[in-house]
>>> print(open('query36.tsv').read())   # TSV, C-alpha atoms and all ligand atoms
chain	number	residue	atom	x	y	z
T	1	MET	CA	-39.02	-82.09	-42.27
T	2	THR	CA	-38.15	-78.45	-41.83
T	3	LYS	CA	-40.48	-75.62	-42.78
T	4	ARG	CA	-38.00	-74.61	-45.48
T	5	LYS	CA	-38.08	-78.05	-47.14
T	6	ILE	CA	-41.88	-78.14	-47.14
T	7	ILE	CA	-42.04	-74.71	-48.81
T	8	LEU	CA	-39.45	-75.79	-51.40
T	9	ILE	CA	-41.33	-78.98	-52.30
T	10	GLY	CA	-44.52	-76.95	-52.66
T	11	ILE	CA	-42.83	-74.50	-55.02
T	12	VAL	CA	-41.39	-77.32	-57.15
T	13	LEU	CA	-44.81	-79.00	-57.45
T	14	VAL	CA	-46.50	-75.75	-58.47
T	15	LEU	CA	-43.83	-75.03	-61.10
T	16	LEU	CA	-43.96	-78.55	-62.55
T	17	PHE	CA	-47.78	-78.88	-62.56
T	18	PRO	CA	-48.30	-77.56	-66.13
T	19	LEU	CA	-45.73	-80.09	-67.38
T	20	PHE	CA	-47.61	-83.03	-65.81
T	21	ALA	CA	-50.98	-81.68	-66.94
T	22	SER	CA	-49.87	-81.42	-70.57
T	23	VAL	CA	-48.71	-85.04	-70.52
T	24	PHE	CA	-51.92	-86.49	-69.15
T	25	VAL	CA	-54.54	-84.38	-70.92
T	26	LYS	CA	-55.34	-85.69	-74.43
T	27	ALA	CA	-54.89	-82.75	-76.79
T	28	GLU	CA	-57.98	-81.91	-78.80
T	29	ILE	CA	-57.55	-81.04	-82.46
T	30	ILE	CA	-59.39	-77.73	-82.85
T	31	THR	CA	-57.24	-76.13	-85.55
T	32	LEU	CA	-56.42	-77.83	-88.85
T	33	ARG	CA	-54.21	-76.57	-91.62
T	34	SER	CA	-54.11	-77.23	-95.31
T	35	TYR	CA	-50.75	-76.77	-97.03
T	36	LYS	CA	-50.79	-75.02	-100.36
T	37	LYS	CA	-49.49	-77.60	-102.84
T	38	ALA	CA	-49.97	-78.17	-106.52
T	39	SER	CA	-49.17	-81.89	-106.61
T	40	PRO	CA	-52.49	-83.73	-106.69
T	41	PRO	CA	-52.81	-87.13	-104.99
T	42	THR	CA	-54.46	-90.01	-106.84
T	43	ILE	CA	-57.94	-90.40	-105.38
T	44	ASP	CA	-58.11	-94.19	-105.33
T	45	GLY	CA	-58.45	-95.15	-101.64
T	46	SER	CA	-54.85	-96.34	-101.39
T	47	PHE	CA	-52.21	-94.40	-99.46
T	48	THR	CA	-48.67	-94.16	-100.75
T	49	ASN	CA	-46.14	-92.00	-98.92
T	50	ALA	CA	-45.10	-89.93	-101.90
T	51	GLU	CA	-48.52	-88.50	-102.72
T	52	TRP	CA	-49.12	-87.16	-99.16
T	53	SER	CA	-45.56	-86.35	-98.00
T	54	ASP	CA	-46.13	-82.62	-98.76
T	55	ALA	CA	-49.45	-82.41	-96.87
T	56	TYR	CA	-50.28	-81.10	-93.39
T	57	HIS	CA	-50.52	-84.09	-91.03
T	58	THR	CA	-51.97	-84.56	-87.57
T	59	SER	CA	-53.26	-87.55	-85.59
T	60	PHE	CA	-54.79	-88.61	-82.29
T	61	PHE	CA	-55.17	-91.86	-80.37
T	62	HIS	CA	-58.71	-93.19	-80.46
T	63	GLU	CA	-60.53	-95.79	-78.35
T	64	PRO	CA	-63.58	-96.95	-80.35
T	65	ASP	CA	-66.80	-98.21	-78.81
T	66	SER	CA	-66.27	-101.95	-78.17
T	67	ILE	CA	-69.38	-102.90	-80.18
T	68	TYR	CA	-67.47	-103.83	-83.37
T	69	ASN	CA	-64.26	-105.05	-81.70
T	70	HIS	CA	-62.20	-102.35	-83.38
T	71	PRO	CA	-58.77	-102.02	-81.71
T	72	ASN	CA	-57.57	-98.81	-80.06
T	73	ASP	CA	-55.27	-97.02	-82.49
T	74	TYR	CA	-54.51	-93.73	-84.22
T	75	ILE	CA	-56.68	-91.67	-86.56
T	76	HIS	CA	-54.48	-89.81	-89.04
T	77	ILE	CA	-55.55	-86.92	-91.25
T	78	TYR	CA	-53.57	-85.35	-94.13
T	79	ILE	CA	-54.64	-82.09	-95.81
T	80	LYS	CA	-53.43	-79.97	-98.73
T	81	ASN	CA	-54.97	-77.73	-101.38
T	82	SER	CA	-54.42	-76.11	-104.75
T	83	GLN	CA	-56.35	-73.05	-105.98
T	84	ASP	CA	-59.34	-75.17	-106.98
T	85	LYS	CA	-59.12	-78.41	-104.96
T	86	LEU	CA	-58.99	-79.35	-101.29
T	87	TYR	CA	-57.50	-82.82	-100.75
T	88	LEU	CA	-57.92	-84.93	-97.61
T	89	LEU	CA	-56.84	-88.40	-96.57
T	90	PHE	CA	-58.06	-90.22	-93.47
T	91	ASP	CA	-55.97	-93.20	-92.39
T	92	ILE	CA	-58.34	-94.97	-89.99
T	93	LEU	CA	-56.12	-97.50	-88.22
T	94	PRO	CA	-58.83	-98.81	-85.82
T	95	ASP	CA	-61.32	-99.68	-88.59
T	96	ASN	CA	-60.35	-103.27	-89.44
T	97	THR	CA	-63.77	-104.06	-90.98
T	98	SER	CA	-64.92	-103.16	-94.47
T	99	GLU	CA	-68.67	-102.55	-94.72
T	100	ASN	CA	-70.95	-100.63	-97.04
T	101	ASP	CA	-72.17	-98.86	-93.92
T	102	ASP	CA	-68.73	-97.32	-93.35
T	103	PHE	CA	-69.28	-93.61	-93.78
T	104	LEU	CA	-68.10	-90.18	-92.76
T	105	ASN	CA	-70.28	-87.07	-92.44
T	106	ILE	CA	-68.70	-83.66	-93.03
T	107	TYR	CA	-70.48	-80.49	-91.86
T	108	PHE	CA	-69.47	-76.90	-92.58
T	109	ASP	CA	-70.02	-73.38	-91.32
T	110	CYS	CA	-68.07	-71.58	-94.05
T	111	ASN	CA	-69.61	-68.16	-93.37
T	112	TYR	CA	-69.13	-68.25	-89.55
T	113	ASP	CA	-72.72	-67.41	-88.63
T	114	ASP	CA	-73.03	-70.34	-86.14
T	115	ILE	CA	-75.55	-72.04	-88.43
T	116	ILE	CA	-74.80	-75.35	-90.20
T	117	ASP	CA	-74.47	-74.90	-93.96
T	118	ASN	CA	-76.98	-77.69	-94.57
T	119	ASN	CA	-76.94	-77.41	-98.36
T	120	ILE	CA	-73.28	-78.48	-98.55
T	121	THR	CA	-73.23	-81.21	-95.86
T	122	MET	CA	-71.48	-84.36	-97.13
T	123	ASN	CA	-72.24	-88.03	-96.46
T	124	LEU	CA	-69.41	-90.17	-97.82
T	125	ARG	CA	-70.36	-93.86	-97.88
T	126	ARG	CA	-68.06	-96.66	-98.94
T	127	ASP	CA	-70.62	-97.93	-101.45
T	128	HIS	CA	-71.55	-94.46	-102.78
T	129	ALA	CA	-75.17	-95.46	-102.25
T	130	PRO	CA	-77.54	-93.17	-104.15
T	131	ASP	CA	-78.87	-90.47	-101.90
T	132	SER	CA	-79.98	-86.88	-102.07
T	133	VAL	CA	-77.16	-85.31	-100.06
T	134	LEU	CA	-76.40	-82.06	-101.87
T	135	GLY	CA	-72.82	-81.65	-100.64
T	136	ASN	CA	-71.80	-84.91	-102.35
T	137	GLN	CA	-72.08	-83.08	-105.67
T	138	ILE	CA	-68.84	-81.17	-104.97
T	139	VAL	CA	-66.64	-84.01	-103.67
T	140	HIS	CA	-64.97	-87.01	-105.27
T	141	TRP	CA	-64.08	-89.80	-102.85
T	142	ILE	CA	-62.92	-93.41	-102.72
T	143	MET	CA	-62.88	-95.45	-99.51
T	144	GLY	CA	-60.22	-98.14	-99.66
T	145	PHE	CA	-59.28	-101.04	-97.40
T	146	GLY	CA	-55.65	-102.08	-97.17
T	147	ILE	CA	-52.28	-101.37	-95.60
T	148	SER	CA	-50.66	-97.92	-95.38
T	149	PRO	CA	-47.37	-96.34	-94.28
T	150	ASN	CA	-48.92	-96.10	-90.76
T	151	LYS	CA	-50.04	-99.75	-90.37
T	152	ASP	CA	-49.30	-103.03	-92.17
T	153	LYS	CA	-52.69	-104.62	-91.37
T	154	ASN	CA	-55.79	-104.00	-93.47
T	155	HIS	CA	-57.83	-100.97	-92.39
T	156	SER	CA	-60.02	-98.25	-93.91
T	157	ILE	CA	-58.49	-95.38	-95.89
T	158	LEU	CA	-60.66	-92.53	-97.15
T	159	GLU	CA	-59.26	-90.27	-99.82
T	160	LEU	CA	-61.15	-87.29	-101.22
T	161	ALA	CA	-60.96	-84.14	-103.33
T	162	ILE	CA	-63.39	-81.23	-102.91
T	163	ASN	CA	-63.85	-78.52	-105.54
T	164	ILE	CA	-63.17	-75.14	-103.89
T	165	THR	CA	-63.39	-71.45	-104.73
T	166	PHE	CA	-61.63	-68.61	-102.91
T	167	SER	CA	-64.59	-66.34	-103.61
T	168	SER	CA	-65.82	-64.65	-100.42
T	169	ALA	CA	-69.40	-64.28	-101.63
T	170	TYR	CA	-71.30	-66.91	-99.66
T	171	ASP	CA	-74.43	-66.51	-97.57
T	172	GLY	CA	-74.42	-69.97	-95.97
T	173	SER	CA	-77.48	-71.26	-97.81
T	174	SER	CA	-76.52	-71.56	-101.50
T	175	ARG	CA	-76.76	-74.97	-103.12
T	176	PRO	CA	-73.82	-76.53	-105.04
T	177	ASN	CA	-75.52	-75.92	-108.40
T	178	GLU	CA	-75.71	-72.20	-107.53
T	179	MET	CA	-71.95	-72.08	-106.81
T	180	ASN	CA	-70.63	-73.88	-109.87
T	181	TYR	CA	-70.27	-77.03	-107.71
T	182	THR	CA	-67.56	-75.58	-105.47
T	183	LEU	CA	-67.05	-75.20	-101.73
T	184	PRO	CA	-66.73	-71.51	-100.75
T	185	VAL	CA	-63.50	-71.16	-98.75
T	186	GLY	CA	-62.75	-67.48	-99.27
T	187	ASN	CA	-64.26	-66.11	-96.05
T	188	ALA	CA	-62.53	-65.13	-92.82
T	189	ASN	CA	-58.91	-65.13	-93.95
T	190	GLU	CA	-59.18	-68.30	-96.03
T	191	THR	CA	-60.47	-70.20	-93.02
T	192	ILE	CA	-63.62	-72.31	-92.72
T	193	ARG	CA	-65.33	-74.14	-89.90
T	194	ILE	CA	-65.55	-77.91	-90.36
T	195	ILE	CA	-66.34	-81.07	-88.39
T	196	PHE	CA	-65.79	-84.72	-89.33
T	197	ASP	CA	-68.19	-87.22	-87.78
T	198	ALA	CA	-67.69	-90.97	-88.40
T	199	VAL	CA	-70.30	-93.65	-87.69
T	200	GLU	CA	-69.71	-96.68	-85.44
T	201	HIS	CA	-68.91	-98.99	-88.40
T	202	PHE	CA	-66.17	-96.51	-89.28
T	203	SER	CA	-64.83	-96.63	-85.69
T	204	ASP	CA	-66.97	-93.85	-84.27
T	205	TRP	CA	-64.72	-90.78	-84.06
T	206	VAL	CA	-65.12	-87.02	-84.37
T	207	ILE	CA	-62.68	-84.21	-85.22
T	208	PRO	CA	-62.56	-82.08	-83.06
T	209	GLN	CA	-62.80	-84.98	-80.58
T	210	ASN	CA	-65.18	-83.00	-78.32
T	211	GLY	CA	-67.06	-81.36	-81.18
T	212	ASP	CA	-70.79	-81.72	-81.85
T	213	TYR	CA	-72.09	-81.30	-85.40
T	214	ILE	CA	-75.26	-79.65	-84.07
T	215	ASP	CA	-73.20	-76.72	-82.74
T	216	PRO	CA	-70.88	-74.99	-85.27
T	217	THR	CA	-69.10	-73.11	-82.46
T	218	THR	CA	-67.52	-76.49	-81.56
T	219	TYR	CA	-66.19	-77.13	-85.09
T	220	ALA	CA	-62.51	-76.97	-86.04
T	221	ASP	CA	-61.04	-74.00	-87.89
T	222	LEU	CA	-59.48	-75.20	-91.12
T	223	LEU	CA	-56.85	-72.74	-92.38
T	224	LEU	CA	-56.25	-73.12	-96.11
T	225	ASN	CA	-53.36	-72.06	-98.34
T	226	ARG	CA	-50.85	-72.31	-95.48
T	227	VAL	CA	-47.12	-72.72	-95.83
T	228	PRO	CA	-45.39	-75.35	-93.67
T	229	SER	CA	-43.47	-73.82	-90.77
T	230	ASN	CA	-39.99	-75.32	-90.80
T	231	VAL	CA	-39.24	-75.74	-87.12
T	232	PRO	CA	-35.67	-77.08	-86.86
T	233	PHE	CA	-35.46	-80.48	-85.18
T	234	GLY	CA	-33.53	-79.17	-82.17
T	235	THR	CA	-35.87	-76.26	-81.35
T	236	PRO	CA	-38.31	-78.06	-78.97
T	237	LEU	CA	-35.31	-79.61	-77.18
T	238	LEU	CA	-33.65	-76.19	-76.82
T	239	ILE	CA	-36.83	-74.54	-75.48
T	240	GLY	CA	-37.32	-77.45	-73.04
T	241	THR	CA	-33.72	-77.13	-71.76
T	242	ILE	CA	-34.00	-73.36	-71.29
T	243	THR	CA	-37.30	-73.80	-69.42
T	244	ILE	CA	-35.80	-76.39	-67.04
T	245	ILE	CA	-32.73	-74.19	-66.38
T	246	ALA	CA	-35.01	-71.19	-65.70
T	247	ILE	CA	-37.13	-73.22	-63.25
T	248	ALA	CA	-33.99	-74.53	-61.48
T	249	ALA	CA	-32.55	-71.01	-61.21
T	250	THR	CA	-35.83	-69.68	-59.76
T	251	ILE	CA	-35.93	-72.47	-57.18
T	252	MET	CA	-32.32	-71.75	-56.14
T	253	GLN	CA	-33.06	-68.02	-55.79
T	254	ILE	CA	-36.13	-68.67	-53.64
T	255	SER	CA	-34.21	-71.28	-51.66
T	256	ARG	CA	-31.53	-68.70	-50.80
T	257	LYS	CA	-34.13	-66.15	-49.71
T	258	ILE	CA	-35.85	-68.72	-47.47
T	259	LYS	CA	-32.48	-69.61	-45.92
T	260	TYR	CA	-31.97	-66.01	-44.74
T	261	TYR	CA	-35.63	-65.62	-43.83
R	301	CA	CA	-54.07	-92.47	-103.38
R	302	CA	CA	-65.76	-100.64	-90.91
R	303	CA	CA	-73.30	-71.00	-91.74
>>> encode(input="query36.tsv", output="structure tokens")
Amino acid sequence: MTKRKIILIGIVLVLLFPLFASVFVKAEIITLRSYKKASPPTIDGSFTNAEWSDAYHTSFFHEPDSIYNHPNDYIHIYIKNSQDKLYLLFDILPDNTSENDDFLNIYFDCNYDDIIDNNITMNLRRDHAPDSVLGNQIVHWIMGFGISPNKDKNHSILELAINITFSSAYDGSSRPNEMNYTLPVGNANETIRIIFDAVEHFSDWVIPQNGDYIDPTTYADLLLNRVPSNVPFGTPLLIGTITIIAIAATIMQISRKIKYY
């Protein structure tokens, strides 16, 4: 192999490396959006397409701990809000078991001071077992078990509505009864910090996937009141084509220079 060929192969590999890396690295969900919508879903633990078709949607592939024989499959999350409610749906495809111990913890750092807002932490159990968790006073939830538009085998579906206020007056320590039983989402450009942490019975997942509820700096930013960005279907294809043409042109240019070198 000539020196020129070796240099060319090296250049191609360097240029294509980010492409390969993006394919093999599992993207972490660190930013979530909530679309501003007035149409309220029915909080009943069943998922019909119509009630969530106008919501923000994201998902990731999850491999649960083998302890409960839950299959590897996707976790889907749908989010939208009105002026006084934040709605979320979790379609938990791997959780093919229905237990009272199925639950999801939700932690907040709404005032961005790197300290957990302990007085609004939520603990959403399937059986709504009586407990003293203060955050549960501002959320209405039903955990269902059935099929959904994402999977035709029975699995867990958690649907919830949280009372919210766009007031910015929040010190991170108020209790729900001191805030008219609302979640304060008015700080930092209508953005809050949030983490979702599911127990093993509920297929043992976290959003962000590498987040740790102990450390609010690892939480996701949830941007409320957002408007969907209408990216035309062909746009990613067009950008991809232009990128490939640009890379090819660069390689040809360099190739010519090496030839006369
Ligand atoms: Ca529903
Ligand atoms: Ca379960
Ligand atoms: Ca805080």
>>> closest_atom_pairs(input="query36.tsv", of="chain T", to="ligand CA 302 (chain R)", cutoff="9 Å", atoms="all atoms listed in the file", output="CSV")
residue,atom,partner,partner_atom,distance
T:Tyr68,CA,R:CA302,CA,8.4
T:His70,CA,R:CA302,CA,8.5
T:Pro94,CA,R:CA302,CA,8.8
T:Asp95,CA,R:CA302,CA,5.1
T:Asn96,CA,R:CA302,CA,6.2
T:Thr97,CA,R:CA302,CA,4.0
T:Ser98,CA,R:CA302,CA,4.4
T:Glu99,CA,R:CA302,CA,5.2
T:Asn100,CA,R:CA302,CA,8.0
T:Asp101,CA,R:CA302,CA,7.3
T:Asp102,CA,R:CA302,CA,5.1
T:Phe103,CA,R:CA302,CA,8.4
T:His155,CA,R:CA302,CA,8.1
T:Ser156,CA,R:CA302,CA,6.9
T:Val199,CA,R:CA302,CA,8.9
T:Glu200,CA,R:CA302,CA,7.8
T:His201,CA,R:CA302,CA,4.4
T:Phe202,CA,R:CA302,CA,4.5
T:Ser203,CA,R:CA302,CA,6.6
>>> closest_residue(input="query36.tsv", among="T:Ile251, T:Ala55, T:Trp205, T:Pro41", to="ligand CA 301 (chain R)", atoms="all atoms listed in the file")
T:Pro41
>>> residues_near_ligand(input="query36.tsv", ligand="ligand CA 301 (chain R)", cutoff="6 Å", atoms="all atoms listed in the file", output="ChimeraX atom specification")
/T:41-47
>>> residues_around(input="query36.tsv", residues="Asn210 in chain T", least_positions_apart="3", cutoff="12 Å", atoms="all atoms listed in the file", output="ChimeraX atom specification")
/T:26-30,195-197,205-207,213,215,217-220
>>> atom_distance(input="query36.tsv", atom1="CA of Ser39 in chain T", atom2="CA of Tyr74 in chain T")
25.9 Å
>>> residues_near_ligand(input="query36.tsv", ligand="ligand CA 303 (chain R)", cutoff="7 Å", atoms="all atoms listed in the file", output="list of chain:residue names")
T:Asp109, T:Cys110, T:Asn111, T:Tyr112, T:Asp113, T:Asp114, T:Ile115, T:Ile116, T:Asp117, T:Gly172
>>> write_last_selection(input="query36.tsv", atoms="C-alpha atoms", output="compact mmCIF listing (two decimals), in the frame of the given file")
# COMPACT_ATOMS: atom_id res chain seq x y z
CA ASP T 109 -70.02 -73.38 -91.32
CA CYS T 110 -68.07 -71.58 -94.05
CA ASN T 111 -69.61 -68.16 -93.37
CA TYR T 112 -69.13 -68.25 -89.55
CA ASP T 113 -72.72 -67.41 -88.63
CA ASP T 114 -73.03 -70.34 -86.14
CA ILE T 115 -75.55 -72.04 -88.43
CA ILE T 116 -74.80 -75.35 -90.20
CA ASP T 117 -74.47 -74.90 -93.96
CA GLY T 172 -74.42 -69.97 -95.97
>>> closest_residue(input="query36.tsv", among="T:Ile138, T:Ile192, T:Ala198, T:Leu160", to="Met179 in chain T", atoms="only C-alpha atoms")
T:Ile138
>>> decode(input="query36.tsv", residues="range 190-209 of chain T", atoms="N, CA and C atoms", output="PDB file, in the first residue's frame")
ATOM      1  N   GLU T 190     -39.119  29.070  33.078  1.00  0.00           N
ATOM      2  CA  GLU T 190     -40.131  28.004  33.052  1.00  0.00           C
ATOM      3  C   GLU T 190     -39.496  26.622  32.890  1.00  0.00           C
ATOM      4  N   THR T 191     -38.388  26.438  33.579  1.00  0.00           N
ATOM      5  CA  THR T 191     -37.671  25.171  33.537  1.00  0.00           C
ATOM      6  C   THR T 191     -37.434  24.687  34.967  1.00  0.00           C
ATOM      7  N   ILE T 192     -37.620  23.390  35.195  1.00  0.00           N
ATOM      8  CA  ILE T 192     -37.316  22.820  36.507  1.00  0.00           C
ATOM      9  C   ILE T 192     -36.382  21.629  36.339  1.00  0.00           C
ATOM     10  N   ARG T 193     -35.735  21.276  37.448  1.00  0.00           N
ATOM     11  CA  ARG T 193     -34.912  20.075  37.456  1.00  0.00           C
ATOM     12  C   ARG T 193     -35.736  18.927  38.024  1.00  0.00           C
ATOM     13  N   ILE T 194     -35.636  17.761  37.374  1.00  0.00           N
ATOM     14  CA  ILE T 194     -36.477  16.626  37.775  1.00  0.00           C
ATOM     15  C   ILE T 194     -35.756  15.317  37.485  1.00  0.00           C
ATOM     16  N   ILE T 195     -36.022  14.309  38.310  1.00  0.00           N
ATOM     17  CA  ILE T 195     -35.490  12.964  38.039  1.00  0.00           C
ATOM     18  C   ILE T 195     -36.574  11.945  38.375  1.00  0.00           C
ATOM     19  N   PHE T 196     -36.692  10.905  37.533  1.00  0.00           N
ATOM     20  CA  PHE T 196     -37.654   9.833  37.739  1.00  0.00           C
ATOM     21  C   PHE T 196     -36.876   8.557  38.071  1.00  0.00           C
ATOM     22  N   ASP T 197     -37.221   7.940  39.177  1.00  0.00           N
ATOM     23  CA  ASP T 197     -36.451   6.793  39.665  1.00  0.00           C
ATOM     24  C   ASP T 197     -37.405   5.648  39.999  1.00  0.00           C
ATOM     25  N   ALA T 198     -37.404   4.594  39.165  1.00  0.00           N
ATOM     26  CA  ALA T 198     -38.340   3.475  39.334  1.00  0.00           C
ATOM     27  C   ALA T 198     -37.672   2.312  40.060  1.00  0.00           C
ATOM     28  N   VAL T 199     -38.447   1.654  40.934  1.00  0.00           N
ATOM     29  CA  VAL T 199     -37.923   0.503  41.681  1.00  0.00           C
ATOM     30  C   VAL T 199     -37.810  -0.723  40.785  1.00  0.00           C
ATOM     31  N   GLU T 200     -37.191  -1.790  41.319  1.00  0.00           N
ATOM     32  CA  GLU T 200     -36.963  -3.018  40.542  1.00  0.00           C
ATOM     33  C   GLU T 200     -38.282  -3.644  40.069  1.00  0.00           C
ATOM     34  N   HIS T 201     -39.320  -3.663  40.915  1.00  0.00           N
ATOM     35  CA  HIS T 201     -40.611  -4.230  40.504  1.00  0.00           C
ATOM     36  C   HIS T 201     -41.165  -3.508  39.274  1.00  0.00           C
ATOM     37  N   PHE T 202     -40.783  -2.242  39.162  1.00  0.00           N
ATOM     38  CA  PHE T 202     -41.274  -1.388  38.083  1.00  0.00           C
ATOM     39  C   PHE T 202     -40.221  -1.281  36.975  1.00  0.00           C
ATOM     40  N   SER T 203     -39.356  -2.309  36.912  1.00  0.00           N
ATOM     41  CA  SER T 203     -38.332  -2.499  35.876  1.00  0.00           C
ATOM     42  C   SER T 203     -37.074  -1.646  36.038  1.00  0.00           C
ATOM     43  N   ASP T 204     -36.948  -0.986  37.198  1.00  0.00           N
ATOM     44  CA  ASP T 204     -35.637  -0.476  37.602  1.00  0.00           C
ATOM     45  C   ASP T 204     -34.970   0.451  36.572  1.00  0.00           C
ATOM     46  N   TRP T 205     -35.568   1.603  36.333  1.00  0.00           N
ATOM     47  CA  TRP T 205     -35.002   2.556  35.368  1.00  0.00           C
ATOM     48  C   TRP T 205     -34.964   3.953  35.987  1.00  0.00           C
ATOM     49  N   VAL T 206     -34.150   4.805  35.381  1.00  0.00           N
ATOM     50  CA  VAL T 206     -33.991   6.184  35.846  1.00  0.00           C
ATOM     51  C   VAL T 206     -33.952   7.099  34.620  1.00  0.00           C
ATOM     52  N   ILE T 207     -34.590   8.257  34.723  1.00  0.00           N
ATOM     53  CA  ILE T 207     -34.459   9.306  33.698  1.00  0.00           C
ATOM     54  C   ILE T 207     -34.011  10.588  34.404  1.00  0.00           C
ATOM     55  N   PRO T 208     -32.800  11.103  34.040  1.00  0.00           N
ATOM     56  CA  PRO T 208     -31.824  10.666  33.040  1.00  0.00           C
ATOM     57  C   PRO T 208     -31.233   9.294  33.414  1.00  0.00           C
ATOM     58  N   GLN T 209     -30.849   8.502  32.397  1.00  0.00           N
ATOM     59  CA  GLN T 209     -30.412   7.138  32.650  1.00  0.00           C
ATOM     60  C   GLN T 209     -29.181   7.069  33.538  1.00  0.00           C
TER      61      GLN T 209
END
